[in-house]
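structure34.txt (compact mmCIF, C-alpha atoms)
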```
# COMPACT_ATOMS: atom_id res chain seq x y z
CA MET A 1 48.93 -4.14 -108.10
CA THR A 2 49.93 -7.36 -109.83
CA ALA A 3 51.64 -10.19 -108.00
CA VAL A 4 54.90 -9.55 -109.87
CA ARG A 5 54.99 -5.88 -108.87
CA ARG A 6 54.12 -6.83 -105.29
CA TRP A 7 57.02 -9.29 -105.08
CA LEU A 8 59.31 -6.77 -106.75
CA ALA A 9 58.47 -4.24 -104.07
CA PHE A 10 59.35 -6.74 -101.34
CA LEU A 11 62.60 -7.65 -103.09
CA LEU A 12 63.60 -3.99 -103.23
CA LEU A 13 62.97 -3.67 -99.51
CA VAL A 14 65.49 -6.42 -98.69
CA PRO A 15 68.66 -4.50 -99.62
CA VAL A 16 67.29 -1.37 -97.95
CA VAL A 17 66.71 -3.20 -94.66
CA ALA A 18 69.99 -5.08 -94.90
CA GLY A 19 71.86 -1.86 -95.56
CA ALA A 20 70.24 -0.12 -92.62
CA LEU A 21 71.12 -3.03 -90.33
CA PHE A 22 74.72 -3.04 -91.57
CA VAL A 23 75.15 0.68 -90.96
CA GLY A 24 73.47 0.51 -87.59
CA ALA A 25 75.60 -2.41 -86.40
CA GLY A 26 78.88 -0.89 -87.50
CA GLY A 27 80.73 1.73 -85.44
CA GLY A 28 81.70 3.85 -88.35
CA ASP A 29 84.11 5.94 -86.26
CA GLY A 30 87.26 3.79 -86.25
CA PRO A 31 88.62 1.51 -83.48
CA PRO A 32 87.38 2.27 -79.94
CA SER A 33 89.67 3.82 -77.35
CA PRO A 34 90.89 1.65 -74.43
CA ALA A 35 88.48 3.44 -72.14
CA ALA A 36 85.60 2.79 -74.52
CA ARG A 37 86.59 -0.85 -74.87
CA ALA A 38 86.81 -1.28 -71.11
CA ALA A 39 83.45 0.42 -70.66
CA ARG A 40 81.85 -1.83 -73.29
CA LEU A 41 83.33 -4.95 -71.70
CA SER A 42 82.23 -3.83 -68.23
CA ALA A 43 78.70 -3.37 -69.55
CA ASP A 44 78.77 -6.91 -70.89
CA VAL A 45 79.82 -8.41 -67.55
CA ARG A 46 77.53 -9.02 -64.60
CA CYS A 47 78.19 -7.40 -61.22
CA PRO A 48 79.47 -10.32 -59.09
CA THR A 49 77.49 -9.18 -56.05
CA CYS A 50 74.24 -7.76 -57.41
CA GLU A 51 73.25 -9.96 -60.32
CA GLY A 52 70.70 -7.58 -61.73
CA LEU A 53 73.29 -5.00 -62.76
CA SER A 54 76.28 -4.98 -65.02
CA ALA A 55 79.72 -4.28 -63.63
CA ALA A 56 79.53 -0.91 -65.40
CA GLU A 57 76.35 0.09 -63.56
CA SER A 58 77.06 -1.25 -60.07
CA ALA A 59 78.85 0.69 -57.33
CA THR A 60 79.82 -2.33 -55.23
CA PRO A 61 83.49 -3.04 -54.43
CA ALA A 62 83.31 -6.29 -56.39
CA ALA A 63 82.06 -4.50 -59.50
CA ALA A 64 84.69 -1.80 -59.11
CA ALA A 65 87.37 -4.48 -58.85
CA VAL A 66 86.09 -6.14 -62.02
CA ARG A 67 86.12 -2.80 -63.87
CA GLN A 68 89.66 -2.14 -62.72
CA GLU A 69 90.79 -5.59 -63.77
CA ILE A 70 89.17 -5.18 -67.19
CA ARG A 71 90.87 -1.84 -67.71
CA ARG A 72 94.22 -3.26 -66.60
CA ARG A 73 93.94 -6.10 -69.09
CA VAL A 74 92.78 -3.81 -71.89
CA ASP A 75 95.83 -1.63 -71.27
CA ALA A 76 97.98 -4.78 -71.26
CA GLY A 77 96.80 -5.52 -74.79
CA GLU A 78 94.53 -8.49 -74.12
CA SER A 79 91.67 -9.12 -76.53
CA ASP A 80 88.00 -8.99 -75.57
CA ALA A 81 87.81 -12.76 -75.80
CA GLU A 82 90.82 -13.21 -73.53
CA ILE A 83 89.42 -10.84 -70.93
CA ARG A 84 86.03 -12.56 -70.98
CA ALA A 85 87.73 -15.95 -70.74
CA PHE A 86 89.68 -14.81 -67.69
CA LEU A 87 86.56 -13.57 -65.91
CA VAL A 88 84.71 -16.79 -66.72
CA SER A 89 87.67 -18.77 -65.35
CA ARG A 90 87.26 -16.99 -62.02
CA TYR A 91 83.55 -16.34 -61.64
CA GLY A 92 81.95 -18.91 -63.91
CA LYS A 93 80.00 -18.60 -67.12
CA ASP A 94 77.20 -16.59 -65.55
CA ILE A 95 79.53 -13.59 -65.13
CA VAL A 96 79.04 -12.72 -68.80
CA LEU A 97 75.71 -11.05 -69.57
CA THR A 98 75.68 -11.93 -73.26
CA PRO A 99 74.82 -15.59 -73.77
CA GLU A 100 77.30 -17.69 -75.69
CA GLY A 101 76.78 -18.49 -79.32
CA THR A 102 77.43 -22.21 -78.85
CA GLY A 103 75.75 -25.02 -77.04
CA VAL A 104 72.39 -24.74 -75.36
CA ALA A 105 72.89 -20.99 -74.81
CA ALA A 106 72.83 -20.51 -78.57
CA LEU A 107 69.08 -21.12 -78.40
CA VAL A 108 68.74 -17.61 -76.97
CA TRP A 109 69.91 -16.25 -80.30
CA VAL A 110 68.15 -18.74 -82.54
CA LEU A 111 64.70 -18.96 -80.96
CA PRO A 112 63.61 -15.32 -81.57
CA VAL A 113 64.55 -15.57 -85.25
CA VAL A 114 62.73 -18.89 -85.55
CA ALA A 115 59.69 -17.39 -83.82
CA VAL A 116 59.61 -14.43 -86.23
CA VAL A 117 59.96 -16.67 -89.27
CA LEU A 118 57.27 -19.05 -88.06
CA GLY A 119 54.99 -16.17 -87.18
CA ALA A 120 55.41 -14.53 -90.57
CA GLY A 121 54.90 -17.86 -92.27
CA GLY A 122 51.77 -18.51 -90.26
CA LEU A 123 50.35 -15.10 -91.14
CA ALA A 124 51.12 -15.58 -94.82
CA PHE A 125 49.45 -19.00 -94.74
CA ALA A 126 46.38 -17.61 -93.00
CA PHE A 127 46.03 -14.74 -95.48
CA ARG A 128 46.39 -17.06 -98.46
CA ARG A 129 43.74 -19.40 -97.10
CA ARG A 130 41.40 -16.50 -96.57
CA ARG A 131 41.92 -15.27 -100.10
CA ALA A 132 41.55 -18.76 -101.59
CA SER A 133 38.14 -19.25 -99.93
CA GLY A 134 36.93 -16.48 -102.26
CA THR A 135 33.77 -14.41 -102.10
CA ALA A 136 30.36 -16.00 -102.09
CA ALA A 137 28.70 -16.15 -105.52
CA ALA A 138 25.23 -14.66 -105.88
CA THR A 139 22.48 -17.19 -106.49
CA ALA A 140 19.39 -16.71 -108.66
CA GLU A 141 17.32 -16.21 -105.52
CA ASP A 142 19.71 -13.44 -104.36
CA ARG A 143 19.32 -11.69 -107.71
CA ARG A 144 15.51 -11.95 -107.56
CA LEU A 145 15.51 -10.41 -104.09
CA VAL A 146 17.74 -7.54 -105.23
CA GLU A 147 15.56 -6.81 -108.28
CA GLN A 148 12.46 -6.86 -106.14
CA ALA A 149 14.03 -4.45 -103.64
CA LEU A 150 15.12 -2.14 -106.47
CA ARG A 151 11.61 -2.15 -108.02
CA GLN A 152 10.11 -1.27 -104.69
CA GLY A 153 12.64 1.49 -104.27
CA VAL A 154 11.86 2.98 -107.72
CA THR A 155 8.04 2.91 -107.30
CA ARG A 156 8.16 4.81 -103.99
CA MET B 1 -5.30 -19.15 -52.13
CA THR B 2 -3.16 -22.04 -53.03
CA ALA B 3 -1.49 -24.12 -50.40
CA THR B 4 2.24 -23.93 -50.50
CA THR B 5 4.05 -27.16 -50.77
CA ALA B 6 7.40 -27.89 -49.37
CA PRO B 7 10.26 -28.21 -51.88
CA ALA B 8 10.65 -31.73 -53.21
CA ASN B 9 14.12 -32.21 -51.77
CA ALA B 10 13.33 -30.89 -48.29
CA PRO B 11 13.51 -33.51 -45.54
CA ALA B 12 10.19 -34.70 -44.19
CA ALA B 13 9.23 -33.53 -40.74
CA GLY B 14 11.02 -35.74 -38.22
CA GLY B 15 12.91 -37.54 -41.01
CA THR B 16 16.63 -37.85 -41.77
CA PRO B 17 18.49 -34.73 -42.99
CA GLY B 18 19.40 -34.35 -46.69
CA PRO B 19 22.88 -35.03 -48.17
CA ARG B 20 25.72 -33.15 -46.36
CA ARG B 21 27.41 -30.47 -48.40
CA GLY B 22 31.23 -30.23 -48.45
CA HIS B 23 33.03 -27.47 -46.60
CA PRO B 24 35.53 -26.13 -49.15
CA ALA B 25 36.63 -23.34 -46.85
CA ARG B 26 37.55 -25.85 -44.16
CA TRP B 27 39.55 -28.02 -46.56
CA ALA B 28 41.30 -24.95 -47.93
CA ALA B 29 42.24 -23.88 -44.40
CA ILE B 30 43.57 -27.36 -43.64
CA ALA B 31 45.62 -27.37 -46.83
CA VAL B 32 47.11 -23.96 -46.05
CA GLY B 33 47.87 -25.09 -42.52
CA VAL B 34 49.68 -28.19 -43.77
CA VAL B 35 51.73 -26.14 -46.23
CA VAL B 36 52.71 -23.65 -43.53
CA ALA B 37 53.62 -26.46 -41.13
CA VAL B 38 55.82 -28.14 -43.75
CA PHE B 39 57.42 -24.81 -44.52
CA VAL B 40 58.25 -24.22 -40.87
CA VAL B 41 59.70 -27.69 -40.46
CA ILE B 42 61.88 -27.29 -43.53
CA LEU B 43 63.17 -23.90 -42.42
CA ALA B 44 63.80 -25.08 -38.89
CA THR B 45 65.79 -28.11 -39.95
CA ARG B 46 67.83 -26.76 -42.85
CA PRO B 47 71.51 -26.02 -42.15
CA GLN B 48 72.50 -22.52 -41.10
CA ALA B 49 73.77 -20.02 -43.62
CA SER B 50 77.36 -20.80 -42.76
CA ASP B 51 79.90 -23.32 -44.02
CA VAL B 52 77.96 -23.31 -47.27
CA VAL B 53 80.01 -24.94 -49.98
CA ALA B 54 79.56 -23.20 -53.31
CA PRO B 55 80.81 -24.03 -56.79
CA SER B 56 83.82 -22.27 -58.20
CA PRO B 57 85.79 -22.61 -61.43
CA LEU B 58 88.91 -22.65 -59.23
CA VAL B 59 88.09 -25.92 -57.47
CA ASP B 60 90.72 -28.56 -58.29
CA ARG B 61 92.89 -25.90 -59.93
CA PRO B 62 96.00 -24.15 -58.58
CA ALA B 63 95.14 -21.27 -56.31
CA PRO B 64 96.03 -17.86 -57.76
CA GLU B 65 98.91 -16.17 -56.01
CA ILE B 66 98.09 -13.67 -53.28
CA GLU B 67 100.77 -11.15 -52.47
CA GLY B 68 100.68 -7.92 -50.57
CA PRO B 69 101.66 -6.09 -47.40
CA GLY B 70 100.73 -7.60 -44.08
CA LEU B 71 99.72 -5.74 -40.92
CA ASP B 72 103.37 -5.11 -40.08
CA GLY B 73 104.21 -4.02 -43.61
CA ALA B 74 106.13 -7.18 -44.50
CA THR B 75 105.13 -8.94 -47.71
CA VAL B 76 102.77 -11.87 -47.29
CA ARG B 77 102.40 -14.50 -50.03
CA LEU B 78 100.07 -17.47 -50.30
CA SER B 79 102.82 -19.45 -52.02
CA ASP B 80 104.99 -19.10 -48.87
CA LEU B 81 102.39 -21.20 -47.07
CA ARG B 82 102.81 -24.17 -49.43
CA GLY B 83 103.03 -27.47 -47.58
CA ARG B 84 100.10 -26.83 -45.25
CA TRP B 85 96.36 -26.49 -45.55
CA VAL B 86 95.36 -22.86 -45.89
CA VAL B 87 91.97 -21.29 -45.25
CA VAL B 88 92.02 -18.19 -47.44
CA ASN B 89 89.45 -15.96 -45.79
CA PHE B 90 88.23 -12.81 -47.54
CA PHE B 91 86.82 -10.45 -44.95
CA ALA B 92 86.12 -6.83 -44.09
CA THR B 93 85.72 -5.06 -40.75
CA TRP B 94 82.45 -3.51 -41.94
CA CYS B 95 80.95 -6.91 -42.74
CA VAL B 96 78.60 -8.20 -40.03
CA PRO B 97 78.86 -11.93 -40.89
CA CYS B 98 82.63 -11.46 -40.83
CA LEU B 99 82.38 -10.21 -37.26
CA ARG B 100 80.31 -13.27 -36.37
CA GLU B 101 82.70 -15.75 -37.95
CA HIS B 102 85.86 -14.20 -36.47
CA PRO B 103 85.60 -15.99 -33.07
CA GLU B 104 85.08 -19.24 -34.99
CA LEU B 105 88.28 -18.64 -36.93
CA VAL B 106 90.09 -17.92 -33.66
CA ARG B 107 88.83 -21.23 -32.25
CA PHE B 108 89.79 -23.05 -35.44
CA SER B 109 93.31 -21.60 -35.52
CA GLU B 110 93.86 -22.54 -31.87
CA ARG B 111 92.91 -26.15 -32.60
CA HIS B 112 95.56 -26.62 -35.29
CA PRO B 113 99.30 -25.94 -35.30
CA ALA B 114 100.17 -23.30 -37.87
CA GLU B 115 102.59 -25.63 -39.65
CA ASP B 116 99.67 -27.94 -40.47
CA VAL B 117 96.72 -25.62 -41.01
CA GLN B 118 96.93 -21.87 -41.46
CA VAL B 119 94.33 -19.16 -41.85
CA LEU B 120 95.24 -16.39 -44.28
CA ALA B 121 93.00 -13.35 -44.06
CA VAL B 122 92.66 -11.24 -47.22
CA VAL B 123 91.42 -7.70 -46.75
CA TYR B 124 88.41 -6.88 -48.91
CA ASP B 125 87.97 -3.18 -49.63
CA ASP B 126 88.92 -1.95 -46.18
CA GLN B 127 91.25 0.50 -44.48
CA PRO B 128 94.55 -0.81 -43.05
CA GLU B 129 94.10 1.04 -39.77
CA ASP B 130 90.60 -0.41 -39.32
CA VAL B 131 91.91 -3.90 -40.00
CA ALA B 132 94.78 -3.45 -37.55
CA ARG B 133 92.41 -2.22 -34.83
CA PHE B 134 90.04 -5.12 -35.57
CA PHE B 135 92.74 -7.71 -34.92
CA ARG B 136 94.05 -5.84 -31.87
CA GLU B 137 90.61 -5.86 -30.31
CA ARG B 138 89.40 -9.30 -31.37
CA GLY B 139 92.56 -11.38 -31.57
CA GLY B 140 93.60 -13.80 -34.29
CA GLY B 141 97.28 -14.46 -34.86
CA TRP B 142 97.15 -15.46 -38.50
CA PRO B 143 98.69 -13.48 -41.35
CA VAL B 144 96.62 -10.75 -42.93
CA VAL B 145 97.34 -9.54 -46.46
CA ASP B 146 96.04 -6.62 -48.48
CA ASP B 147 95.99 -7.63 -52.16
CA VAL B 148 93.43 -5.60 -54.09
CA GLY B 149 93.51 -7.93 -57.09
CA ALA B 150 92.93 -11.09 -55.10
CA LYS B 151 89.15 -10.69 -54.98
CA VAL B 152 88.96 -10.87 -58.78
CA ASP B 153 91.62 -13.58 -59.05
CA PHE B 154 89.55 -15.76 -56.75
CA GLY B 155 86.19 -14.73 -58.20
CA VAL B 156 84.96 -13.43 -54.86
CA ARG B 157 81.41 -12.15 -55.02
CA GLY B 158 81.15 -10.76 -51.52
CA VAL B 159 82.35 -11.19 -47.96
CA PRO B 160 82.81 -13.37 -46.07
CA GLU B 161 84.04 -15.92 -48.51
CA SER B 162 86.70 -18.57 -47.89
CA PHE B 163 88.69 -21.02 -49.95
CA LEU B 164 90.29 -24.19 -48.65
CA VAL B 165 93.67 -24.69 -50.33
CA ASP B 166 95.55 -27.95 -49.90
CA PRO B 167 99.30 -28.29 -49.19
CA ALA B 168 99.99 -28.58 -52.91
CA GLY B 169 98.38 -25.21 -53.55
CA ILE B 170 95.19 -26.62 -55.13
CA VAL B 171 91.84 -25.07 -54.31
CA ARG B 172 89.62 -27.78 -52.83
CA THR B 173 86.52 -25.92 -51.66
CA ARG B 174 84.84 -22.55 -51.83
CA LEU B 175 82.72 -21.45 -48.88
CA VAL B 176 80.29 -18.55 -49.00
CA GLY B 177 78.97 -16.93 -45.88
CA GLY B 178 80.56 -17.26 -42.47
CA VAL B 179 82.56 -20.33 -41.51
CA THR B 180 82.54 -22.21 -38.21
CA ALA B 181 85.39 -24.05 -36.51
CA ASP B 182 83.48 -27.31 -36.56
CA GLY B 183 82.47 -26.83 -40.16
CA LEU B 184 86.06 -26.27 -41.22
CA ASP B 185 87.19 -29.32 -39.25
CA GLY B 186 84.51 -31.35 -40.96
CA LEU B 187 85.66 -30.19 -44.38
CA LEU B 188 89.28 -30.97 -43.57
CA GLY B 189 88.19 -34.42 -42.49
CA GLN B 190 86.29 -34.91 -45.75
CA VAL B 191 89.18 -33.90 -47.99
CA GLY B 192 91.56 -36.14 -46.07
CA ALA B 193 93.60 -33.62 -44.13
CA GLY B 194 93.25 -35.56 -40.88
CA GLY B 195 94.00 -33.79 -37.54
```
Once you've parsed the file, please lay out its structure as structure tokens.
Amino acid sequence: MTAVRRWLAFLLLVPVVAGALFVGAGGGDGPPSPAARAARLSADVRCPTCEGLSAAESATPAAAAVRQEIRRRVDAGESDAEIRAFLVSRYGKDIVLTPEGTGVAALVWVLPVVAVVLGAGGLAFAFRRRRASGTAAATAEDRRLVEQALRQGVTR
Amino acid sequence: MTATTAPANAPAAGGTPGPRRGHPARWAAIAVGVVVAVFVVILATRPQASDVVAPSPLVDRPAPEIEGPGLDGATVRLSDLRGRWVVVNFFATWCVPCLREHPELVRFSERHPAEDVQVLAVVYDDQPEDVARFFRERGGGWPVVDDVGAKVDFGVRGVPESFLVDPAGIVRTRLVGGVTADGLDGLLGQVGAGG
């Protein structure tokens, strides 16, 4: 396969992958119901008492209170951002399970992408170096040895 | 038959012994012993798990309103207690540290006139009849309020948890774990409440 066809194949993959990611990320079924919104927000908020669980998963009174408060505010028409902001204003930033996209916390989102890009780049560099080193060329001595071995093989 | 010779590094008969080897096991045991001793000293001298001041986004901000029925059914509001220091104490009758801190709150409330310093107990996920029996049996003449939304408004993570609110209605301190009378007096002294 020539280099041009190889690159063309990769280029064709890009829209396929991008399209799959777009479809997968989108809901596709219209706006969520209040109950669904509240459930999603509860899953994105930490249980105040047991930090290893979300408010959606935990059965503690504190988690139940948070779920109720989220549902009340969803029904009151508040946006997701407003509800999160309220909870942060009461419990602190660690109440939200999803790290912020700004400040130092943004590194959580950036570092994996950077790691993948660097890893892919490193692999590509390593493969290119390996290919550039080429195969060893046969010397006259190598050829003489091969001919001798072939002659011996024929006379047997 | 050849005569055996002693190894070159063996001490001569009647001579001084060879170089002493270290005892790594002994040094390791001493190191572990030192670490354990330091650990014990640290644990023995650290403050008890009470009167522990914890961060809160509400510190230096106006306290959220608390409103709900009291033990006698009358409405109790935090804003009605403006003009005095208030210890907002989230508690439950099923909470063991709450049972331990209750006598301390009784002592604290008896030390201070209600017009200067007031305890306000906020029921945390409990039954009204259990709360009423609790106060009948254990005493404590401060107002008790049942406001189900207060635990979220104050960002309470568990009980017991207390907030010191100044006469202007500003939250000054958040305390996690049980409180003590002396600890509360110390805090009041720090924030300038005086006697």
Compare B:Ala54, B:Phe134, B:Val165, B:Ala25 by their minimum atom-to-atom distance to Cys98 of chain B, counting only C-alpha atoms, and give me the closest one.
B:Phe134
For Ser56 of chain B, the nearest of the candidates B:Thr173, B:Asn89, B:Thr180, B:Gln190, counting only C-alpha atoms:
B:Thr173
Taking all atoms listed in the file into account, find every residue of chain B that has an atom no more than 7 Å from chain A, and write it out as a VMD selection string.
chain B and resid 56 to 58 125 152 to 155 157 to 158
Which distance in Å separates atom CA of Arg107 of chain B and atom CA of Val171 of chain B, to one decimal?
22.6 Å
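Remark: for Asp126 of chain B, the closest of the candidate residues B:Ala28, B:Val159, B:Val179, B:Ala92 is B:Ala92 (distances computed over all atoms listed in the file).
For the pair atom CA of Trp85 of chain B and atom CA of Asp130 of chain B, the separation is 27.4 Å.
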In Å, how far is it from atom CA of Gly68 of chain B to atom CA of Ala38 of chain A?
25.7 Å
